[in-house]
>>> print(open('start.txt').read())   # compact mmCIF, C-alpha atoms
# COMPACT_ATOMS: atom_id res chain seq x y z
CA MET A 1 0.00 0.00 0.00
CA ASN A 2 1.23 3.50 -0.78
CA HIS A 3 0.71 4.95 2.72
CA ALA A 4 2.04 8.40 1.83
CA LYS A 5 -0.32 8.70 -1.13
CA PHE A 6 -3.31 7.55 0.90
CA PHE A 7 -2.41 9.81 3.82
CA LEU A 8 -2.31 12.79 1.44
CA GLY A 9 -5.69 11.85 -0.03
CA GLU A 10 -7.19 11.54 3.45
CA LYS A 11 -5.73 14.88 4.54
CA ILE A 12 -7.10 16.60 1.43
CA LEU A 13 -10.55 15.16 2.03
CA SER A 14 -10.43 16.11 5.73
CA LEU A 15 -9.43 19.69 4.88
CA CYS A 16 -12.19 19.98 2.30
CA GLN A 17 -14.74 18.77 4.85
CA LYS A 18 -13.56 21.33 7.41
CA LEU A 19 -13.86 24.06 4.78
CA GLN A 20 -17.26 22.65 3.70
CA ILE A 21 -16.13 22.17 0.12
CA THR A 22 -16.44 18.41 -0.15
CA GLY A 23 -18.91 18.94 -2.98
CA VAL A 24 -16.14 20.58 -5.01
CA LEU A 25 -13.81 17.65 -4.34
CA SER A 26 -16.39 15.03 -5.26
CA ARG A 27 -17.34 16.80 -8.48
CA ALA A 28 -13.70 17.17 -9.50
CA THR A 29 -12.84 13.58 -8.60
CA ILE A 30 -15.95 11.55 -9.36
CA PHE A 31 -18.17 13.44 -11.79
CA SER A 32 -17.26 13.81 -15.46
CA PRO A 33 -20.45 14.48 -17.44
CA PRO A 34 -20.37 14.90 -21.23
CA THR A 35 -19.83 18.51 -22.25
CA GLU A 36 -23.03 18.39 -24.33
CA PRO A 37 -26.12 16.19 -23.99
CA HIS A 38 -26.30 13.27 -26.40
CA TYR A 39 -30.08 13.36 -26.63
CA THR A 40 -33.04 15.68 -26.50
CA MET A 41 -36.49 15.39 -25.00
CA THR A 42 -38.72 17.29 -27.37
CA GLU A 43 -42.36 18.05 -26.75
CA PHE A 44 -44.53 17.83 -29.85
CA TYR A 45 -47.82 19.71 -29.92
CA LEU A 46 -51.02 19.02 -31.85
CA ASN A 47 -52.96 21.65 -29.94
CA ASP A 48 -52.83 23.29 -26.55
CA GLU A 49 -54.03 20.17 -24.78
CA THR A 50 -52.45 17.29 -26.69
CA SER A 51 -48.73 16.63 -26.88
CA ARG A 52 -46.09 14.02 -26.30
CA LEU A 53 -42.54 14.09 -24.98
CA ASP A 54 -40.16 12.28 -27.32
CA PHE A 55 -36.71 10.98 -26.43
CA ILE A 56 -34.36 11.57 -29.40
CA PRO A 57 -30.79 10.21 -29.15
CA LEU A 58 -28.16 12.22 -31.01
CA ASP A 59 -25.13 11.03 -33.00
CA GLU A 60 -21.56 12.34 -32.86
CA LYS A 61 -22.58 15.37 -34.93
CA HIS A 62 -25.54 15.99 -32.63
CA LYS A 63 -28.03 15.03 -35.28
CA PRO A 64 -31.01 12.77 -34.47
CA ARG A 65 -30.29 9.06 -34.57
CA VAL A 66 -33.07 6.88 -35.90
CA ILE A 67 -33.35 3.51 -34.20
CA ARG A 68 -35.87 0.93 -35.28
CA LEU A 69 -37.33 -0.73 -32.20
CA PRO A 70 -38.50 -4.35 -32.16
CA GLU A 71 -42.21 -4.95 -32.33
CA GLY A 72 -43.90 -4.45 -28.98
CA VAL A 73 -41.06 -2.32 -27.55
CA THR A 74 -41.67 1.31 -26.62
CA THR A 75 -39.55 4.08 -25.11
CA THR A 76 -41.52 6.50 -22.97
CA SER A 77 -39.83 9.64 -21.69
CA PHE A 78 -40.59 11.79 -18.67
CA LYS A 79 -39.25 14.80 -16.85
CA LEU A 80 -39.53 14.61 -13.08
CA ASN A 81 -39.50 18.05 -11.51
CA ASP A 82 -38.56 17.46 -7.90
CA ARG A 83 -39.58 20.39 -5.70
CA ARG A 84 -38.68 19.01 -2.29
CA LYS A 85 -37.47 21.49 0.34
CA GLY A 86 -38.21 24.41 -1.94
CA ARG A 87 -35.54 23.43 -4.51
CA ASP A 88 -36.34 22.52 -8.07
CA TYR A 89 -34.47 19.59 -9.66
CA MET A 90 -35.38 18.12 -13.03
CA VAL A 91 -34.64 14.43 -13.55
CA PRO A 92 -34.86 13.17 -17.18
CA LEU A 93 -36.09 9.58 -17.28
CA ILE A 94 -36.84 6.95 -19.91
CA TYR A 95 -38.90 3.81 -19.46
CA LEU A 96 -38.14 0.99 -21.90
CA SER A 97 -40.90 -1.57 -21.94
CA ASN A 98 -41.93 -4.64 -23.88
CA GLN A 99 -45.60 -5.54 -23.98
CA ASN A 100 -44.69 -9.19 -23.37
CA PHE A 101 -42.69 -8.55 -20.18
CA PRO A 102 -44.17 -8.39 -16.64
CA LYS A 103 -45.34 -4.89 -15.77
CA ASP A 104 -44.71 -5.35 -12.04
CA LYS A 105 -40.94 -5.87 -12.39
CA VAL A 106 -38.26 -3.44 -13.52
CA ILE A 107 -34.51 -2.83 -13.53
CA ILE A 108 -33.56 0.73 -12.57
CA TYR A 109 -30.18 1.36 -14.19
CA SER A 110 -27.84 4.05 -12.81
CA HIS A 111 -25.09 4.80 -15.33
CA GLY A 112 -21.42 5.68 -15.00
CA THR A 113 -19.67 9.01 -14.64
CA SER A 114 -18.88 9.98 -18.24
CA SER A 115 -22.10 9.19 -20.12
CA ASP A 116 -25.75 10.16 -20.29
CA LEU A 117 -29.03 8.61 -21.44
CA GLY A 118 -28.18 9.13 -25.10
CA ASP A 119 -24.90 7.24 -24.77
CA ASN A 120 -26.53 4.35 -22.93
CA TYR A 121 -29.71 4.01 -24.97
CA ILE A 122 -28.57 1.11 -27.20
CA TYR A 123 -27.15 -0.76 -24.22
CA LEU A 124 -30.38 -0.27 -22.27
CA LEU A 125 -32.39 -1.75 -25.14
CA GLU A 126 -30.10 -4.75 -25.23
CA LEU A 127 -30.21 -5.07 -21.44
CA MET A 128 -34.00 -5.18 -21.58
CA SER A 129 -33.97 -7.72 -24.42
CA PHE A 130 -31.32 -10.06 -22.99
CA PHE A 131 -32.79 -10.21 -19.49
CA GLU A 132 -36.45 -9.98 -20.52
CA CYS A 133 -37.22 -7.23 -18.06
CA ASN A 134 -38.42 -3.66 -18.50
CA VAL A 135 -35.81 -1.00 -17.75
CA ILE A 136 -35.83 2.52 -16.32
CA SER A 137 -32.83 4.81 -16.56
CA TYR A 138 -32.27 8.46 -15.76
CA ASP A 139 -29.69 11.23 -15.67
CA TYR A 140 -28.15 12.81 -12.60
CA ALA A 141 -28.11 16.55 -12.00
CA GLY A 142 -25.62 18.10 -14.43
CA TYR A 143 -25.85 15.18 -16.88
CA GLY A 144 -27.62 15.24 -20.23
CA ILE A 145 -30.37 17.85 -20.16
CA ALA A 146 -30.59 17.86 -16.34
CA PRO A 147 -29.69 21.27 -14.85
CA ASN A 148 -27.70 22.02 -11.68
CA LYS A 149 -24.42 20.46 -10.54
CA PRO A 150 -24.01 16.89 -9.32
CA THR A 151 -23.11 16.17 -5.72
CA GLU A 152 -23.28 13.06 -3.59
CA ASN A 153 -26.63 14.13 -2.15
CA THR A 154 -28.22 15.16 -5.46
CA VAL A 155 -27.32 11.79 -6.98
CA TYR A 156 -29.10 10.04 -4.10
CA ARG A 157 -32.03 12.41 -4.44
CA ASP A 158 -32.36 11.77 -8.18
CA LEU A 159 -32.58 8.00 -7.77
CA GLU A 160 -35.04 8.35 -4.90
CA SER A 161 -37.30 10.43 -7.17
CA VAL A 162 -37.09 7.73 -9.84
CA ILE A 163 -38.05 5.02 -7.34
CA ALA A 164 -41.00 7.13 -6.17
CA PHE A 165 -42.06 7.53 -9.81
CA ALA A 166 -41.78 3.78 -10.46
CA THR A 167 -43.83 2.80 -7.42
CA GLN A 168 -46.47 5.53 -7.54
CA LYS A 169 -46.85 6.28 -11.26
CA LEU A 170 -46.10 2.88 -12.80
CA ASP A 171 -47.49 0.84 -9.89
CA ILE A 172 -44.34 -1.27 -9.60
CA PRO A 173 -43.91 -2.50 -6.02
CA LEU A 174 -40.61 -2.01 -4.20
CA ASN A 175 -40.13 -5.79 -4.14
CA GLY A 176 -40.38 -5.77 -7.93
CA ILE A 177 -37.44 -3.37 -8.37
CA VAL A 178 -33.81 -4.38 -8.93
CA LEU A 179 -31.28 -1.54 -8.71
CA TRP A 180 -28.43 -1.96 -11.21
CA GLY A 181 -25.50 0.42 -10.83
CA PHE A 182 -22.45 0.80 -13.01
CA SER A 183 -19.33 2.53 -11.63
CA LEU A 184 -20.56 5.87 -10.22
CA GLY A 185 -24.14 4.51 -10.37
CA CYS A 186 -23.30 1.90 -7.72
CA GLY A 187 -23.09 4.64 -5.07
CA PRO A 188 -26.73 5.75 -5.26
CA SER A 189 -27.89 2.17 -5.81
CA VAL A 190 -26.33 1.05 -2.52
CA GLU A 191 -27.59 4.09 -0.63
CA LEU A 192 -31.19 3.65 -1.81
CA ALA A 193 -31.08 -0.09 -1.15
CA VAL A 194 -30.26 0.82 2.45
CA ARG A 195 -33.06 3.39 2.64
CA TYR A 196 -35.60 1.00 1.11
CA PRO A 197 -34.84 -2.52 2.40
CA SER A 198 -37.79 -4.04 0.49
CA ILE A 199 -35.93 -3.55 -2.82
CA ALA A 200 -35.76 -6.95 -4.55
CA GLY A 201 -32.05 -6.95 -5.32
CA LEU A 202 -28.88 -5.05 -6.10
CA ILE A 203 -26.49 -5.51 -9.03
CA LEU A 204 -23.19 -3.67 -8.65
CA GLN A 205 -21.07 -3.52 -11.79
CA ALA A 206 -17.53 -2.17 -11.31
CA PRO A 207 -18.37 -0.43 -8.02
CA LEU A 208 -15.96 1.71 -6.04
CA ALA A 209 -15.70 0.92 -2.35
CA SER A 210 -15.36 4.58 -1.37
CA LEU A 211 -13.99 7.93 -2.53
CA LEU A 212 -10.77 7.50 -0.52
CA ALA A 213 -10.20 4.15 -2.19
CA PHE A 214 -10.80 5.82 -5.55
CA LEU A 215 -8.27 8.57 -4.76
CA ASP A 216 -5.70 5.83 -4.21
CA PRO A 217 -6.56 3.13 -6.77
CA ASP A 218 -3.53 1.07 -5.76
CA SER A 219 -4.88 0.36 -2.32
CA ILE A 220 -8.04 -0.24 -0.34
CA HIS A 221 -8.10 1.30 3.12
CA PRO A 222 -10.57 0.18 5.77
CA ARG A 223 -11.13 3.56 7.42
CA VAL A 224 -14.26 5.26 6.14
CA GLY A 225 -15.08 7.80 8.85
CA LYS A 226 -14.12 10.78 6.68
CA ASP A 227 -15.13 9.19 3.40
CA MET A 228 -17.72 9.91 0.69
CA PHE A 229 -19.68 7.49 -1.47
CA ALA A 230 -18.59 4.99 1.16
CA SER A 231 -20.48 1.91 0.03
CA VAL A 232 -18.07 -0.21 2.04
CA SER A 233 -19.52 1.19 5.27
CA LYS A 234 -23.09 0.46 4.16
CA MET A 235 -22.83 -3.24 3.32
CA ALA A 236 -24.03 -4.27 6.78
CA ASN A 237 -27.26 -2.33 6.25
CA VAL A 238 -28.13 -3.74 2.83
CA LYS A 239 -30.97 -6.21 3.39
CA CYS A 240 -31.44 -7.51 -0.16
CA GLY A 241 -29.23 -9.86 -2.15
CA ILE A 242 -26.27 -8.49 -4.11
CA CYS A 243 -24.62 -9.59 -7.34
CA PHE A 244 -21.16 -8.15 -8.05
CA ILE A 245 -19.87 -7.88 -11.64
CA HIS A 246 -16.30 -6.76 -12.30
CA GLY A 247 -13.77 -7.05 -15.10
CA THR A 248 -10.48 -8.67 -14.11
CA LEU A 249 -8.46 -6.09 -16.10
CA ASP A 250 -10.32 -3.01 -14.87
CA GLN A 251 -7.67 -0.37 -14.18
CA THR A 252 -10.07 2.51 -13.53
CA ILE A 253 -11.71 0.84 -10.55
CA PRO A 254 -9.73 -2.33 -9.82
CA ILE A 255 -11.59 -5.52 -8.98
CA LYS A 256 -10.29 -5.32 -5.39
CA HIS A 257 -13.08 -2.76 -4.77
CA SER A 258 -15.74 -5.38 -5.48
CA GLU A 259 -13.81 -7.95 -3.48
CA LEU A 260 -13.74 -5.69 -0.41
CA LEU A 261 -17.46 -4.91 -0.71
CA ALA A 262 -18.28 -8.60 -1.13
CA GLN A 263 -16.15 -9.43 1.90
CA ARG A 264 -17.91 -6.84 4.06
CA TYR A 265 -21.32 -8.08 2.90
CA ALA A 266 -20.39 -11.70 3.67
CA GLU A 267 -19.06 -10.80 7.13
CA THR A 268 -22.28 -9.07 8.13
CA HIS A 269 -24.78 -11.40 6.46
CA ASP A 270 -23.10 -14.77 6.98
CA ILE A 271 -23.57 -15.58 3.28
CA GLN A 272 -21.42 -15.13 0.21
CA PRO A 273 -22.88 -12.77 -2.41
CA SER A 274 -22.85 -13.70 -6.08
CA PHE A 275 -19.65 -12.58 -7.80
CA ILE A 276 -19.26 -12.62 -11.59
CA ARG A 277 -15.68 -12.06 -12.71
CA VAL A 278 -15.53 -10.98 -16.35
CA GLU A 279 -12.23 -12.43 -17.55
CA GLY A 280 -10.30 -9.86 -19.59
CA GLY A 281 -12.97 -7.24 -18.94
CA ARG A 282 -11.92 -3.62 -18.58
CA HIS A 283 -13.93 -0.82 -17.03
CA ASN A 284 -15.98 0.19 -20.05
CA ASP A 285 -16.20 -3.05 -22.02
CA SER A 286 -17.26 -5.51 -19.32
CA ALA A 287 -20.89 -4.48 -19.77
CA MET A 288 -21.02 -5.66 -23.37
CA MET A 289 -18.95 -8.73 -22.51
CA ILE A 290 -21.71 -9.79 -20.11
CA LEU A 291 -24.19 -9.78 -22.97
CA LYS A 292 -21.85 -11.59 -25.36
CA SER A 293 -20.76 -14.27 -22.88
CA ALA A 294 -23.36 -17.03 -22.62
CA GLU A 295 -22.02 -18.05 -19.21
CA ALA A 296 -22.09 -14.52 -17.77
CA HIS A 297 -25.49 -13.85 -19.29
CA LYS A 298 -26.96 -16.97 -17.68
CA ALA A 299 -25.39 -16.07 -14.34
CA VAL A 300 -26.92 -12.58 -14.30
CA LEU A 301 -30.28 -13.88 -15.50
CA ARG A 302 -30.23 -16.47 -12.71
CA GLU A 303 -29.55 -13.76 -10.11
CA LEU A 304 -32.39 -11.60 -11.43
CA GLN A 305 -34.78 -14.52 -11.18
CA ILE A 306 -33.64 -15.20 -7.61
CA PHE A 307 -34.05 -11.54 -6.65
CA PHE A 308 -37.57 -11.27 -8.07
CA THR A 309 -38.63 -14.61 -6.58
CA LYS A 310 -37.39 -13.66 -3.11
CA GLY A 311 -38.94 -10.23 -3.56
CA LEU A 312 -42.39 -11.80 -3.65
CA SER A 313 -41.97 -12.86 -0.01
CA ILE A 314 -41.06 -9.33 1.09
CA LYS A 315 -43.85 -6.94 2.03
CA PRO A 316 -42.82 -3.28 1.80
CA SER A 317 -43.23 -1.52 5.13
CA ILE A 318 -45.73 1.24 5.77
CA VAL A 319 -42.83 3.61 6.48
CA GLU A 320 -41.26 2.95 3.06
CA CYS A 321 -44.55 3.32 1.19
CA THR A 322 -45.54 6.49 3.03
CA LYS A 323 -42.16 8.09 2.37
CA LEU A 324 -42.37 7.36 -1.37
CA GLU A 325 -45.93 8.68 -1.49
CA ASP A 326 -44.80 11.92 0.15
CA ILE A 327 -41.95 12.29 -2.35
CA PHE A 328 -44.24 11.57 -5.29
CA VAL A 329 -46.67 14.29 -4.22
CA GLN A 330 -43.84 16.80 -4.61
CA LEU A 331 -42.94 15.65 -8.12
CA ARG A 332 -44.34 17.51 -11.11
CA ILE A 333 -44.25 15.07 -13.98
CA GLU A 334 -44.16 15.88 -17.66
CA PRO A 335 -45.40 12.56 -19.12
CA SER A 336 -45.64 11.17 -22.60
CA ARG A 337 -49.17 11.54 -23.88
CA LYS A 338 -51.22 10.37 -26.81
CA LYS A 339 -49.10 9.91 -29.94
CA VAL A 340 -49.83 12.71 -32.40
CA ILE A 341 -48.40 14.12 -35.61
CA PRO A 342 -46.55 17.26 -34.51
CA LYS A 343 -46.66 20.73 -35.95
CA ASN A 344 -44.33 21.73 -38.76
CA ASN A 345 -40.77 22.05 -37.54
CA PHE A 346 -37.48 20.28 -38.11
CA PHE A 347 -38.37 17.27 -35.99
CA SER A 348 -41.88 16.98 -37.40
CA SER A 349 -40.45 16.97 -40.92
CA LEU A 350 -38.03 14.25 -39.85
CA PHE A 351 -40.94 12.31 -38.33
CA LEU A 352 -42.99 12.51 -41.54
CA GLU A 353 -40.08 11.67 -43.83
CA LEU A 354 -39.07 8.61 -41.82
CA LYS A 355 -42.53 7.35 -40.97
CA ASP A 356 -42.48 4.72 -43.73
CA SER A 357 -38.78 4.70 -44.61
CA LYS A 358 -35.76 2.74 -43.45
CA PRO A 359 -33.78 4.28 -40.59
CA MET A 360 -30.63 6.24 -41.36
CA CYS A 361 -28.73 4.13 -38.82
CA PRO A 362 -30.33 0.69 -39.07
CA LEU A 363 -30.25 -1.30 -35.88
CA GLU A 364 -31.78 -4.70 -35.49
CA ILE A 365 -32.51 -5.68 -31.92
CA THR A 366 -34.26 -8.99 -31.39
CA THR A 367 -36.27 -9.95 -28.36
>>> encode(input="start.txt", output="structure tokens")
Amino acid sequence: MNHAKFFLGEKILSLCQKLQITGVLSRATIFSPPTEPHYTMTEFYLNDETSRLDFIPLDEKHKPRVIRLPEGVTTTSFKLNDRRKGRDYMVPLIYLSNQNFPKDKVIIYSHGTSSDLGDNYIYLLELMSFFECNVISYDYAGYGIAPNKPTENTVYRDLESVIAFATQKLDIPLNGIVLWGFSLGCGPSVELAVRYPSIAGLILQAPLASLLAFLDPDSIHPRVGKDMFASVSKMANVKCGICFIHGTLDQTIPIKHSELLAQRYAETHDIQPSFIRVEGGRHNDSAMMILKSAEAHKAVLRELQIFFTKGLSIKPSIVECTKLEDIFVQLRIEPSRKKVIPKNNFFSSLFLELKDSKPMCPLEITT
């Protein structure tokens, strides 16, 4: 272990906390949103009362990408305006659903630090198809079209709003929700699994054990008293099952982070969590390797089935349900509405031109 390097990282974090600028440190260290959003959410109007909110992914030149969805698959977009405590946060959200999949089960996917909904859209479609489960994903504050700056607390708040939306708007019970986090997204997934113990399960893909461990990627230190995003200190309070996924060649967040988290979980639960090691997987390619590897795919699918099956025996508490109801009341939702032909503008022209034509960027996704 590089003790001098860790000691310096700990001293920097301690100083920032004393000066109340830990938000600055976390943003500089953890958050790296794209400089421009890779999608739009455009509202199309037929009249003053009828409209729809369309999610439009953008290509490298920031032009609309056309993606042909499989039959029965829809992407519904929403904007959640969270007005809790007098502050207004907007959380962009997309709900990918297949008419043949159960409506009372969903994966809520929290993405990594350097991407947004537009970057992850294709992967989310494949995730839904491969694991035969509807998927919700969202952007954190400061990512995509979401305003404000990301902090540890706003990331937690964003996911909590999404869970409230899923349970209250889509009528998906807490025990029908699996939280799937990748990299940065593991932090809020762990935190919300602690807050809502009736969550069906937790999938942590390339998680970091804590901010201090991230500052010194060559070592894992057990002290977390002055830490941030300290998932390692929360393992004892996670009540649901966990599946860890990590690439063996990940140099951004080494696999020892998952190993430490799994060890802490096992010590406090007297059971070994599921651990999927993606041989040869690096930080950003292990996700696709899971889908391409028949063995890894079966392992994840098996864990999802276990989570949802066990979830049926869990009854969400009155405290959890009441809290989510209170949060939902403070959300102003801009939902997708009846599909209409929009007024004349650039996007409406695109809509009319492509209505019966082949997509510019053909993509075949089978279910």
>>> residues_around(input="start.txt", residues="Tyr265 of chain A", least_positions_apart="4", cutoff="12 Å", atoms="only C-alpha atoms", output="PyMOL selection string")
chain A and resi 190+209+231-244+258-261+269-275
>>> atom_distance(input="start.txt", atom1="atom CA of Ala141 of chain A", atom2="atom CA of Ser183 of chain A")
16.5 Å
>>> residues_around(input="start.txt", residues="Glu295 of chain A", least_positions_apart="4", cutoff="12 Å", atoms="all atoms listed in the file", output="ChimeraX atom specification")
/A:276-279,289-291,299-302
>>> atom_distance(input="start.txt", atom1="atom CA of Ile314 of chain A", atom2="atom CA of Ser198 of chain A")
6.2 Å
>>> closest_residue(input="start.txt", among="A:Ile56, A:Leu331, A:Ile318, A:Ala206", to="Asn81 of chain A", atoms="only C-alpha atoms")
A:Leu331
>>> residues_near_point(input="start.txt", point="(-22.5, -2.9, -22.4)", cutoff="6 Å", atoms="all atoms listed in the file", output="ChimeraX atom specification")
/A:123,287-288
